[in-house]
Each structure stands twice: as C-alpha cells, then as structure tokens.
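> The following file, run.pdb, comprises PDB, C-alpha atoms:
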ATOM      1  CA  MET A   1      -8.486 -87.574  41.069  1.00  0.00           C
ATOM      2  CA  LEU A   2      -7.010 -88.446  37.685  1.00  0.00           C
ATOM      3  CA  GLY A   3      -3.409 -87.701  36.930  1.00  0.00           C
ATOM      4  CA  PRO A   4      -0.321 -89.037  35.240  1.00  0.00           C
ATOM      5  CA  ASN A   5       0.735 -92.617  35.982  1.00  0.00           C
ATOM      6  CA  THR A   6       4.400 -91.662  36.201  1.00  0.00           C
ATOM      7  CA  ARG A   7       6.325 -90.211  39.087  1.00  0.00           C
ATOM      8  CA  PRO A   8       6.980 -86.461  38.935  1.00  0.00           C
ATOM      9  CA  ASN A   9      10.332 -85.367  37.527  1.00  0.00           C
ATOM     10  CA  GLN A  10      11.390 -83.220  40.461  1.00  0.00           C
ATOM     11  CA  ILE A  11      14.325 -80.912  39.843  1.00  0.00           C
ATOM     12  CA  MET A  12      15.583 -77.666  41.371  1.00  0.00           C
ATOM     13  CA  VAL A  13      13.789 -74.813  39.612  1.00  0.00           C
ATOM     14  CA  ASN A  14      13.226 -71.137  40.258  1.00  0.00           C
ATOM     15  CA  ILE A  15       9.486 -70.436  40.586  1.00  0.00           C
ATOM     16  CA  HIS A  16       9.917 -67.371  38.384  1.00  0.00           C
ATOM     17  CA  SER A  17      10.782 -69.567  35.400  1.00  0.00           C
ATOM     18  CA  VAL A  18       7.417 -71.293  35.881  1.00  0.00           C
ATOM     19  CA  THR A  19       5.440 -68.063  36.144  1.00  0.00           C
ATOM     20  CA  GLU A  20       7.318 -66.620  33.165  1.00  0.00           C
ATOM     21  CA  ARG A  21       6.384 -69.685  31.093  1.00  0.00           C
ATOM     22  CA  VAL A  22       2.739 -69.250  32.146  1.00  0.00           C
ATOM     23  CA  ARG A  23       2.929 -65.565  31.173  1.00  0.00           C
ATOM     24  CA  ARG A  24       4.197 -66.479  27.696  1.00  0.00           C
ATOM     25  CA  LEU A  25       1.483 -69.118  27.251  1.00  0.00           C
ATOM     26  CA  LEU A  26      -1.211 -66.629  28.256  1.00  0.00           C
ATOM     27  CA  LYS A  27       0.223 -63.970  25.967  1.00  0.00           C
ATOM     28  CA  ALA A  28       0.017 -66.421  23.054  1.00  0.00           C
ATOM     29  CA  ASP A  29      -3.653 -67.137  23.855  1.00  0.00           C
ATOM     30  CA  LYS A  30      -5.461 -64.445  21.854  1.00  0.00           C
ATOM     31  CA  SER A  31      -8.963 -65.690  22.765  1.00  0.00           C
ATOM     32  CA  ARG A  32      -9.253 -63.242  25.692  1.00  0.00           C
ATOM     33  CA  ASP A  33      -8.340 -59.589  25.894  1.00  0.00           C
ATOM     34  CA  VAL A  34      -6.803 -59.687  29.361  1.00  0.00           C
ATOM     35  CA  LYS A  35      -3.681 -58.089  30.770  1.00  0.00           C
ATOM     36  CA  ILE A  36      -2.020 -59.888  33.638  1.00  0.00           C
ATOM     37  CA  PHE A  37       0.834 -58.354  35.576  1.00  0.00           C
ATOM     38  CA  PHE A  38       3.424 -60.452  37.345  1.00  0.00           C
ATOM     39  CA  ASP A  39       5.387 -58.966  40.225  1.00  0.00           C
ATOM     40  CA  TYR A  40       8.414 -61.158  40.901  1.00  0.00           C
ATOM     41  CA  ASP A  41      10.185 -61.433  44.254  1.00  0.00           C
ATOM     42  CA  PRO A  42      13.864 -62.134  43.530  1.00  0.00           C
ATOM     43  CA  SER A  43      14.478 -63.334  47.085  1.00  0.00           C
ATOM     44  CA  ILE A  44      12.471 -66.551  46.610  1.00  0.00           C
ATOM     45  CA  PRO A  45      14.951 -69.443  46.439  1.00  0.00           C
ATOM     46  CA  GLY A  46      14.748 -72.356  44.026  1.00  0.00           C
ATOM     47  CA  ILE A  47      12.684 -75.350  45.090  1.00  0.00           C
ATOM     48  CA  LYS A  48      12.522 -78.987  44.027  1.00  0.00           C
ATOM     49  CA  PHE A  49       9.405 -79.855  42.012  1.00  0.00           C
ATOM     50  CA  ASP A  50       8.202 -81.014  38.615  1.00  0.00           C
ATOM     51  CA  PRO A  51       8.091 -77.807  36.549  1.00  0.00           C
ATOM     52  CA  GLU A  52       5.640 -79.195  33.961  1.00  0.00           C
ATOM     53  CA  HIS A  53       3.117 -80.132  36.645  1.00  0.00           C
ATOM     54  CA  LEU A  54       3.472 -76.758  38.344  1.00  0.00           C
ATOM     55  CA  ILE A  55       3.131 -74.895  35.030  1.00  0.00           C
ATOM     56  CA  GLN A  56      -0.137 -76.735  34.386  1.00  0.00           C
ATOM     57  CA  ALA A  57      -1.415 -76.005  37.906  1.00  0.00           C
ATOM     58  CA  VAL A  58      -0.570 -72.278  37.742  1.00  0.00           C
ATOM     59  CA  LEU A  59      -2.017 -72.026  34.230  1.00  0.00           C
ATOM     60  CA  ASN A  60      -5.272 -73.620  35.437  1.00  0.00           C
ATOM     61  CA  ILE A  61      -5.501 -71.209  38.383  1.00  0.00           C
ATOM     62  CA  VAL A  62      -4.898 -68.147  36.212  1.00  0.00           C
ATOM     63  CA  ARG A  63      -7.367 -69.291  33.542  1.00  0.00           C
ATOM     64  CA  ASN A  64      -9.996 -69.937  36.234  1.00  0.00           C
ATOM     65  CA  ALA A  65      -9.413 -66.446  37.623  1.00  0.00           C
ATOM     66  CA  VAL A  66      -9.734 -64.878  34.163  1.00  0.00           C
ATOM     67  CA  GLN A  67     -12.956 -66.800  33.592  1.00  0.00           C
ATOM     68  CA  ALA A  68     -14.335 -65.714  36.970  1.00  0.00           C
ATOM     69  CA  PHE A  69     -13.539 -62.068  36.258  1.00  0.00           C
ATOM     70  CA  SER A  70     -15.130 -62.344  32.805  1.00  0.00           C
ATOM     71  CA  GLU A  71     -18.296 -63.827  34.289  1.00  0.00           C
ATOM     72  CA  GLN A  72     -18.358 -61.143  36.985  1.00  0.00           C
ATOM     73  CA  GLU A  73     -18.036 -58.449  34.324  1.00  0.00           C
ATOM     74  CA  GLU A  74     -20.930 -59.979  32.365  1.00  0.00           C
ATOM     75  CA  ASP A  75     -23.046 -60.029  35.542  1.00  0.00           C
ATOM     76  CA  ASN A  76     -22.157 -56.395  36.276  1.00  0.00           C
ATOM     77  CA  ASN A  77     -23.225 -55.365  32.768  1.00  0.00           C
ATOM     78  CA  SER A  78     -26.720 -56.716  33.432  1.00  0.00           C
ATOM     79  CA  GLU A  79     -27.171 -55.125  36.880  1.00  0.00           C
ATOM     80  CA  SER A  80     -29.064 -51.959  37.612  1.00  0.00           C
ATOM     81  CA  GLU A  81     -27.130 -48.688  37.945  1.00  0.00           C
ATOM     82  CA  TYR A  82     -27.890 -48.682  41.685  1.00  0.00           C
ATOM     83  CA  LYS A  83     -26.050 -51.959  42.232  1.00  0.00           C
ATOM     84  CA  LYS A  84     -23.120 -50.828  40.084  1.00  0.00           C
ATOM     85  CA  GLU A  85     -22.753 -47.608  42.066  1.00  0.00           C
ATOM     86  CA  LYS A  86     -22.936 -49.506  45.342  1.00  0.00           C
ATOM     87  CA  LYS A  87     -20.157 -51.896  44.211  1.00  0.00           C
ATOM     88  CA  ARG A  88     -17.871 -49.028  43.220  1.00  0.00           C
ATOM     89  CA  LYS A  89     -17.894 -47.743  46.793  1.00  0.00           C
ATOM     90  CA  LEU A  90     -16.793 -51.058  48.272  1.00  0.00           C
ATOM     91  CA  SER A  91     -13.169 -51.231  49.361  1.00  0.00           C
ATOM     92  CA  LEU A  92     -11.243 -54.086  50.906  1.00  0.00           C
ATOM     93  CA  LYS A  93      -8.388 -53.616  53.314  1.00  0.00           C
ATOM     94  CA  HIS A  94      -5.878 -56.226  54.355  1.00  0.00           C
ATOM     95  CA  GLY A  95      -4.511 -56.145  57.881  1.00  0.00           C
ATOM     96  CA  TYR A  96      -1.231 -58.030  57.683  1.00  0.00           C
TER      97      TYR A  96
END
For the file at hand, write its structure as structure tokens.


Amino acid sequence: MLGPNTRPNQIMVNIHSVTERVRRLLKADKSRDVKIFFDYDPSIPGIKFDPEHLIQAVLNIVRNAVQAFSEQEEDNNSESEYKKEKKRKLSLKHGY
C-alpha cells in the first residue's frame, strides 16, 4: 500500500472537526447533486490521530458511498417496473 513517507502528525482532535471539514469539502464539490446529513454525538471524546490523514480517509469513504448510490440509481433506472416495485417493499431491521 502506498502512503506518505513521513510519520503521522498525531494530535488530540475532536472527531467532529474532521467530519465538519469533510462536510465543507463535499459542499464545495458541485459535481454531484447529493445531500449528506451528519448527526453528531457530542459525548465522543477527543482522540489522538493525524487529522489530515483521517480527513482523507473519511472523504474517500463518503465519495465511494456517493458513487455506489449513484451507480445503484442508474441500475434502478434501467430495471423493469416489476423489479422496482419489489425493491420498494424491502425493509431492513437492525436488532441491536
């Protein structure tokens, strides 16, 4: 795996500052018409990490998710009405 040749600059950071930075970067990206909602948990304490590396990782994950949803939407547009109706009736439940 390729990566930087320098050691990470680990400092105490609140994870919300990272996700807020990702939100601003995504908002500035006008190439996709996507709305992403962030639901912050104020009880999460600060942790020691390299914020720039984590910003890049979270940004990659969110962009991959947006791309996957876009591809899924394109696939759904080409399906028959029967398959679309069948998908609408599917529900997922989490048992936590």

> Show me, as a PDB file with C-alpha atoms, in the coordinates of the input, the residues that have an atom within 10 Å of Asp50 of chain A when counting all atoms listed in the file, minus same-chain residues fewer than 6 positions from it.


ATOM      1  CA  ARG A   7       6.325 -90.211  39.087  1.00  0.00           C
ATOM      2  CA  PRO A   8       6.980 -86.461  38.935  1.00  0.00           C
ATOM      3  CA  ASN A   9      10.332 -85.367  37.527  1.00  0.00           C
ATOM      4  CA  GLN A  10      11.390 -83.220  40.461  1.00  0.00           C
ATOM      5  CA  ILE A  11      14.325 -80.912  39.843  1.00  0.00           C
ATOM      6  CA  MET A  12      15.583 -77.666  41.371  1.00  0.00           C
ATOM      7  CA  VAL A  13      13.789 -74.813  39.612  1.00  0.00           C
TER       8      VAL A  13
END

> Tell me which residues the PyMOL selection byres ((chain A and resi 45) around 10) grabs here, as a ChimeraX atom specification.

/A:12-16,41-44,46-47

> Between A:Gln72, A:Val58, A:Lys48, A:Arg23, which one has atoms that come closest to Lys35 of chain A, using all atoms listed in the file?

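Closest to Lys35 of chain A of all the choices is A:Arg23.
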
> Just give me the gap between atom CA of Leu59 of chain A and atom CA of Asp39 of chain A in Å, one decimal is fine.

16.2 Å

> So the first atom is atom CA of Val22 of chain A and the second is atom CA of Ser70 of chain A; what is the distance between them in Å, to one decimal place?

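So the two atoms, atom CA of Val22 of chain A and atom CA of Ser70 of chain A, lie 19.2 Å apart.
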
> What is the distance, in Å and to one decimal place, between atom CA of Lys27 of chain A and atom CA of Phe49 of chain A?

24.4 Å

> Just want the 9 Å neighbourhood of Ile55 of chain A, counted on only C-alpha atoms, with same-chain residues fewer than 6 positions away dropped. Output as a ChimeraX atom specification.

/A:18-19,21-22

> Taking into account all atoms listed in the file, which residue in the set A:Tyr40, A:Val34, A:Glu20, A:Ala57 is nearest to Phe69 of chain A?

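Among the listed residues, the smallest separation from Phe69 of chain A belongs to A:Val34.
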
> Please determine an axis-aligned box that encloses all atoms of segment 67-72 of chain A listed in the file, with 8 Å added on each side, and express its centre and edge lengths in Å to one decimal as AutoDock Vina command-line options.


--center_x -15.7 --center_y -64.0 --center_z 34.9 --size_x 21.4 --size_y 21.7 --size_z 20.2
